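Data from input15.cif: mmCIF, C-alpha atoms
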data_entry
#
loop_
_atom_site.label_atom_id
_atom_site.label_comp_id
_atom_site.auth_asym_id
_atom_site.auth_seq_id
_atom_site.Cartn_x
_atom_site.Cartn_y
_atom_site.Cartn_z
CA MET S 180 29.65 -9.06 8.03
CA ASN S 181 28.63 -8.52 4.42
CA LYS S 182 25.81 -6.17 3.49
CA ILE S 183 23.05 -8.80 3.76
CA GLU S 184 24.36 -10.05 7.11
CA GLN S 185 24.42 -6.47 8.42
CA LEU S 186 20.85 -5.91 7.27
CA ASP S 187 19.65 -9.13 8.92
CA PHE S 188 21.45 -8.27 12.15
CA LEU S 189 19.97 -4.76 12.33
CA ILE S 190 16.42 -5.98 11.68
CA GLU S 191 16.69 -8.74 14.27
CA GLU S 192 18.05 -6.30 16.85
CA LEU S 193 15.19 -3.84 16.32
CA ILE S 194 12.58 -6.61 16.38
CA GLY S 195 14.07 -7.84 19.64
CA GLU S 196 13.58 -4.44 21.26
CA ASN S 197 9.79 -4.62 21.13
CA ILE S 198 7.62 -7.58 22.07
CA ARG S 199 4.96 -6.36 19.62
CA TYR S 200 7.26 -7.39 16.77
CA LYS S 201 7.80 -11.00 17.88
CA GLU S 202 5.46 -12.37 15.17
CA LEU S 203 6.86 -10.07 12.49
CA ARG S 204 7.88 -11.97 9.37
CA ILE S 205 11.15 -10.93 7.77
CA PRO S 206 10.94 -11.02 3.96
CA GLU S 207 13.60 -12.75 1.87
CA ASP S 208 13.74 -10.14 -0.88
CA TYR S 209 16.56 -7.64 -0.22
CA ASN S 210 14.60 -4.51 -1.18
CA LYS S 211 11.63 -5.51 0.97
CA LYS S 212 13.99 -6.31 3.81
CA ARG S 213 15.65 -2.92 3.44
CA LYS S 214 12.24 -1.24 3.52
CA LEU S 215 11.45 -3.10 6.73
CA LEU S 216 14.65 -1.83 8.36
CA ARG S 217 13.81 1.74 7.42
CA SER S 218 10.28 1.32 8.80
CA LEU S 219 11.58 -0.06 12.10
CA MET S 220 14.03 2.83 12.39
CA ASN S 221 11.31 5.36 11.54
CA VAL S 222 8.96 4.21 14.31
CA ARG S 223 11.65 3.63 16.94
CA GLU S 224 11.45 5.86 19.99
CA PRO S 225 14.59 7.86 20.84
CA CYS S 226 16.51 5.55 23.16
CA GLU S 227 20.04 4.19 23.36
CA ALA S 228 21.11 1.09 21.44
CA SER S 229 23.98 -1.30 21.93
CA GLU S 230 27.47 -0.38 20.77
CA GLU S 231 27.40 -3.30 18.35
CA PHE S 232 24.12 -2.11 16.80
CA ILE S 233 25.50 1.41 16.31
CA LYS S 234 28.73 0.06 14.82
CA VAL S 235 26.94 -2.19 12.31
CA GLN S 236 24.32 0.45 11.49
CA ASP S 237 26.98 3.10 10.86
CA GLU S 238 28.98 0.82 8.58
CA PHE S 239 25.83 -0.15 6.68
CA LEU S 240 24.54 3.41 6.21
CA LYS S 241 27.94 4.85 5.28
CA LYS S 242 28.33 2.18 2.59
CA GLU S 243 24.85 2.98 1.27
CA CYS S 244 25.79 6.65 1.15
CA GLU S 245 28.92 5.86 -0.84
CA ASP S 246 26.94 3.65 -3.21
CA LYS S 247 24.46 6.47 -3.89
CA GLY S 248 27.35 8.74 -4.78
CA ILE S 249 28.65 11.59 -2.65
CA VAL S 250 28.34 15.00 -4.31
CA LYS S 251 31.19 17.38 -3.46
CA LEU S 252 30.71 21.13 -3.36
CA ARG S 253 33.63 21.83 -5.68
CA ASN S 254 31.83 19.94 -8.44
CA LEU S 255 28.72 22.13 -8.27
CA PRO S 256 28.62 25.24 -10.50
CA THR S 257 27.65 28.63 -9.13
CA LEU S 258 24.87 30.73 -10.64
CA SER S 259 27.49 32.79 -12.46
CA GLU S 260 28.64 29.59 -14.18
CA MET S 261 25.16 28.20 -14.79
CA PHE S 262 23.66 31.43 -16.12
CA PRO S 263 26.57 33.60 -17.34
CA ALA S 264 24.28 35.84 -19.41
CA LYS S 265 21.99 36.63 -16.48
CA TYR S 266 22.76 39.02 -13.63
CA ASN S 267 22.15 37.45 -10.24
CA LYS S 268 23.06 39.12 -7.00
CA HIS S 269 25.83 37.16 -5.24
CA ALA S 270 25.93 34.76 -8.20
CA ASP S 271 29.40 33.52 -7.22
CA LYS S 272 28.11 32.49 -3.77
CA ILE S 273 24.93 30.61 -4.75
CA THR S 274 24.37 27.24 -6.44
CA LEU S 275 21.15 25.72 -7.74
CA TRP S 276 21.31 21.91 -7.65
CA GLN S 277 18.68 19.23 -8.27
CA GLY S 278 19.15 15.96 -6.45
CA ASP S 279 19.08 14.06 -3.16
CA ILE S 280 20.21 16.37 -0.36
CA THR S 281 21.52 13.41 1.67
CA ARG S 282 24.30 13.01 -0.93
CA LEU S 283 25.75 16.50 -0.46
CA LYS S 284 29.16 16.88 1.16
CA VAL S 285 28.79 20.39 2.57
CA ASP S 286 29.22 21.82 6.05
CA ALA S 287 25.47 21.70 6.74
CA ILE S 288 22.21 20.68 5.11
CA VAL S 289 18.83 22.07 6.16
CA ASN S 290 16.07 19.74 7.28
CA ALA S 291 12.42 20.79 7.11
CA ALA S 292 11.28 19.44 10.47
CA ASN S 293 8.04 19.41 12.43
CA ASN S 294 7.70 21.16 15.76
CA GLN S 295 8.51 18.00 17.75
CA MET S 296 11.92 18.02 16.05
CA LEU S 297 12.27 14.24 16.36
CA GLY S 298 11.99 13.24 12.72
CA CYS S 299 9.10 11.61 10.89
CA PHE S 300 7.61 8.55 12.60
CA VAL S 301 5.57 7.43 9.56
CA PRO S 302 7.24 4.33 8.07
CA CYS S 303 9.03 5.12 4.80
CA HIS S 304 7.24 8.43 4.40
CA GLY S 305 8.29 10.55 1.43
CA CYS S 306 9.11 13.75 3.34
CA ILE S 307 12.64 15.11 3.58
CA ASP S 308 12.56 14.80 7.38
CA ASN S 309 12.12 11.04 7.01
CA ALA S 310 14.80 10.77 4.32
CA ILE S 311 17.39 12.65 6.38
CA HIS S 312 16.76 10.74 9.62
CA SER S 313 16.72 7.41 7.76
CA ALA S 314 20.09 8.11 6.12
CA ALA S 315 21.66 9.60 9.26
CA GLY S 316 20.71 6.76 11.63
CA ILE S 317 19.03 6.43 15.00
CA GLU S 318 21.61 8.63 16.75
CA LEU S 319 20.09 11.71 15.13
CA ARG S 320 16.69 11.19 16.79
CA ILE S 321 18.42 10.59 20.12
CA GLU S 322 20.30 13.90 19.87
CA CYS S 323 17.15 15.74 18.80
CA ASP S 324 15.28 14.26 21.76
CA GLU S 325 17.97 15.48 24.15
CA LEU S 326 17.75 18.98 22.68
CA MET S 327 13.96 19.07 22.96
CA LYS S 328 13.88 17.71 26.50
CA LYS S 329 16.36 20.39 27.51
CA GLN S 330 14.23 23.05 25.80
CA GLY S 331 10.99 21.82 27.36
CA PHE S 332 8.58 23.02 24.68
CA LEU S 333 7.81 22.49 20.99
CA GLU S 334 10.04 24.26 18.47
CA PRO S 335 8.48 27.56 17.32
CA THR S 336 7.87 28.04 13.61
CA GLY S 337 10.71 29.95 11.98
CA ASN S 338 13.39 28.88 14.47
CA ALA S 339 16.36 26.58 13.83
CA LYS S 340 18.59 24.13 15.70
CA ILE S 341 21.84 22.39 14.77
CA THR S 342 22.83 18.77 15.30
CA GLY S 343 25.44 16.33 14.10
CA ALA S 344 24.96 14.58 10.76
CA TYR S 345 26.16 11.10 11.78
CA ASN S 346 26.19 8.89 8.66
CA LEU S 347 25.52 11.65 6.14
CA PRO S 348 28.43 13.13 4.15
CA CYS S 349 27.72 16.63 5.49
CA LYS S 350 29.08 17.72 8.87
CA HIS S 351 25.90 19.13 10.42
CA ILE S 352 22.14 19.29 10.02
CA ILE S 353 20.25 22.51 10.70
CA HIS S 354 16.61 21.75 11.50
CA THR S 355 13.94 24.39 10.97
CA VAL S 356 10.15 24.36 11.32
CA GLY S 357 8.35 25.96 8.41
CA PRO S 358 4.77 27.27 8.35
CA ILE S 359 1.91 24.88 7.60
CA ILE S 360 -0.51 26.30 5.08
CA VAL S 361 -4.19 25.64 5.66
CA GLY S 362 -6.49 27.45 3.22
CA PHE S 363 -5.24 30.84 2.06
CA LEU S 364 -1.62 31.97 2.31
CA ARG S 365 -1.24 34.68 4.96
CA ASP S 366 1.35 37.43 5.35
CA GLU S 367 2.32 35.76 8.62
CA ASP S 368 3.13 32.53 6.76
CA CYS S 369 5.49 34.42 4.45
CA LYS S 370 7.19 36.12 7.39
CA GLN S 371 7.64 32.77 9.13
CA LEU S 372 9.19 31.17 6.04
CA ASP S 373 11.55 34.13 5.70
CA SER S 374 12.45 33.61 9.36
CA CYS S 375 13.34 29.97 8.63
CA TYR S 376 16.01 31.04 6.14
CA LYS S 377 17.30 33.82 8.40
CA SER S 378 17.44 31.52 11.44
CA CYS S 379 19.30 28.78 9.54
CA LEU S 380 21.87 31.24 8.23
CA LYS S 381 22.29 32.80 11.68
CA VAL S 382 22.92 29.35 13.18
CA ALA S 383 25.37 28.61 10.37
CA VAL S 384 27.43 31.74 11.07
CA GLU S 385 27.38 31.09 14.83
CA ASN S 386 28.83 27.62 14.19
CA ASN S 387 31.45 28.68 11.64
CA ILE S 388 29.66 26.87 8.81
CA LYS S 389 30.97 27.99 5.43
CA SER S 390 28.68 26.02 3.12
CA ILE S 391 24.99 25.29 3.60
CA ALA S 392 22.39 23.53 1.45
CA PHE S 393 18.75 24.53 1.76
CA CYS S 394 15.88 22.23 0.89
CA CYS S 395 12.55 23.69 -0.30
CA ILE S 396 11.22 24.44 3.17
CA SER S 397 7.45 23.98 3.68
CA THR S 398 6.61 23.29 0.02
CA GLY S 399 5.96 19.57 0.46
CA GLU S 400 3.74 18.25 3.23
CA PHE S 401 3.25 21.78 4.59
CA HIS S 402 1.73 23.02 1.28
CA PHE S 403 3.46 26.39 0.91
CA PRO S 404 3.01 27.58 -2.72
CA ASN S 405 6.23 26.65 -4.54
CA LYS S 406 6.84 29.83 -6.53
CA MET S 407 6.18 32.14 -3.61
CA ALA S 408 8.45 30.00 -1.42
CA ALA S 409 11.24 30.26 -4.00
CA GLU S 410 10.89 34.05 -4.19
CA ILE S 411 11.09 34.30 -0.39
CA ALA S 412 14.11 32.00 -0.29
CA ILE S 413 16.05 33.96 -2.93
CA LYS S 414 15.30 37.29 -1.27
CA ALA S 415 16.25 36.04 2.20
CA ILE S 416 19.53 34.54 0.93
CA ASN S 417 20.48 37.69 -0.98
CA ASN S 418 19.62 39.95 1.96
CA PHE S 419 21.78 37.83 4.23
CA LEU S 420 24.73 37.88 1.83
CA ASP S 421 24.46 41.67 1.52
CA ASP S 422 25.74 41.93 5.10
CA ASN S 423 27.54 38.61 5.61
CA SER S 424 29.16 37.70 2.31
CA GLU S 425 32.55 37.05 3.91
CA LYS S 426 31.07 34.63 6.46
CA ILE S 427 29.59 32.12 4.00
CA GLU S 428 31.45 30.65 1.03
CA ARG S 429 28.54 28.90 -0.69
CA ILE S 430 24.78 28.55 -0.33
CA VAL S 431 23.23 25.67 -2.23
CA ILE S 432 19.56 25.87 -3.17
CA ASN S 433 18.70 22.19 -3.34
CA VAL S 434 15.58 21.04 -5.17
CA PHE S 435 14.38 17.49 -5.62
CA LYS S 436 11.33 17.86 -7.86
CA GLU S 437 11.50 19.03 -11.46
CA GLU S 438 8.73 21.53 -10.73
CA ASP S 439 10.90 23.35 -8.20
CA PHE S 440 13.96 23.23 -10.44
CA GLN S 441 12.03 24.94 -13.24
CA ILE S 442 10.69 27.58 -10.84
CA TYR S 443 14.16 28.48 -9.62
CA LYS S 444 15.60 28.28 -13.12
CA ASN S 445 13.01 30.79 -14.34
CA LEU S 446 13.65 33.12 -11.41
CA LEU S 447 17.43 32.92 -11.58
CA GLY S 448 18.25 32.14 -15.20
#
Is it possible to express this structure as structure tokens?
Amino acid sequence: MNKIEQLDFLIEELIGENIRYKELRIPEDYNKKRKLLRSLMNVREPCEASEEFIKVQDEFLKKECEDKGIVKLRNLPTLSEMFPAKYNKHADKITLWQGDITRLKVDAIVNAANNQMLGCFVPCHGCIDNAIHSAAGIELRIECDELMKKQGFLEPTGNAKITGAYNLPCKHIIHTVGPIIVGFLRDEDCKQLDSCYKSCLKVAVENNIKSIAFCCISTGEFHFPNKMAAEIAIKAINNFLDDNSEKIERIVINVFKEEDFQIYKNLLG
């Protein structure tokens, strides 16, 4: 199958799973068709699919990942290289990088999840949870569902869990639930965000992960103030490296928005 044939096959398979979609019109435009596939994947409940579907989906998503451009860790400068005139604690262990976290070839990336831990069900939503699940494929939601059924309760804020990465270039995904800010920022919110970073790093060490990329946890849909979140992140990372420097080779602070890049640049550079 070529790329268009794969896309058509995947859409038709997902439409065939649910009788509610039988009148759904498939657009002819490739970009609109691709958006439809992502939407169908986003709303799909965690259940098994045929071997053929998984095979075609994996080939399709891996090719998309390659087309976006895989970013290798060795090509990312450390803080000591980025800001040689500025003293930063553990500067040779930390990288600041702006870009799409789903392109990073590291041992693990961090996903800012909700407490259901099943990914975002809103079609084509702009959150990182949606982006990661969409690029990884439907197997990720299935694994998350198995973890949550075994646990038997919603994931507490500040905790973390590890899964496979499937069609992403990284090896693992560490999912953490950040605090949701409603009204004023509380001390408890700050402690919970700090716990997110500590929990992710603890899980990384327990699973022999040597490189980890953090997203800006809670600063998007959960409305944690960006600058305060960055200060908490830097402190938590440095405190961890004080005692565990030999266990982690590189920590990537990944930002997507220019606003966050400037915040970290001002704090670090």
If you take only C-alpha atoms and a cut-off of 10 Å, which residues of stretch 359-414 of chain S touch stretch 343-350 of chain S, and what are their nearest atom pairs and distances in Å to one decimal, in chain and number order, as a Markdown table?
| residue | atom | partner | partner_atom | distance |
| --- | --- | --- | --- | --- |
| S:Ile388 | CA | S:Lys350 | CA | 9.2 |
| S:Ser390 | CA | S:Cys349 | CA | 9.7 |
| S:Ile391 | CA | S:Cys349 | CA | 9.3 |
| S:Ala392 | CA | S:Cys349 | CA | 9.6 |
Give me the residues within 10 Å of S:Thr342 as a PyMOL selection string, counting all atoms listed in the file and dropping any in the same chain fewer than 2 places off.
chain S and resi 287+319-320+322-323+326+340+344-345+350-354
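Comparing S:Asn181, S:Ser424, S:Gln371, S:Asn197 by their smallest distance to S:Asn338, the closest is S:Gln371 (using only C-alpha atoms).
Taking atom CA of S:Tyr200 and atom CA of S:Leu219 as the two end points, the separation is 9.7 Å.
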Care to translate the PyMOL selection byres ((chain S and resi 311) around 9) into actual residues of this file, as a PyMOL selection string?
chain S and resi 280-281+290+298+306-310+312-316+344+347+352
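Here atom CA of S:Gln236 and atom CA of S:Leu186 stand 8.4 Å from one another.
Note on the selection: in this file the PyMOL selection byres ((chain S and resi 402-411) around 8) comes out as Pro358, Ile359, Ile360, Val361, Leu364, Cys369, Leu372, Asp373, Cys395, Ile396, Ser397, Thr398, Gly399, Glu400, Phe401, Ala412, Ile413, Lys414, Ala415, Asp439, Ile442, Tyr443 and Leu446 of chain S.
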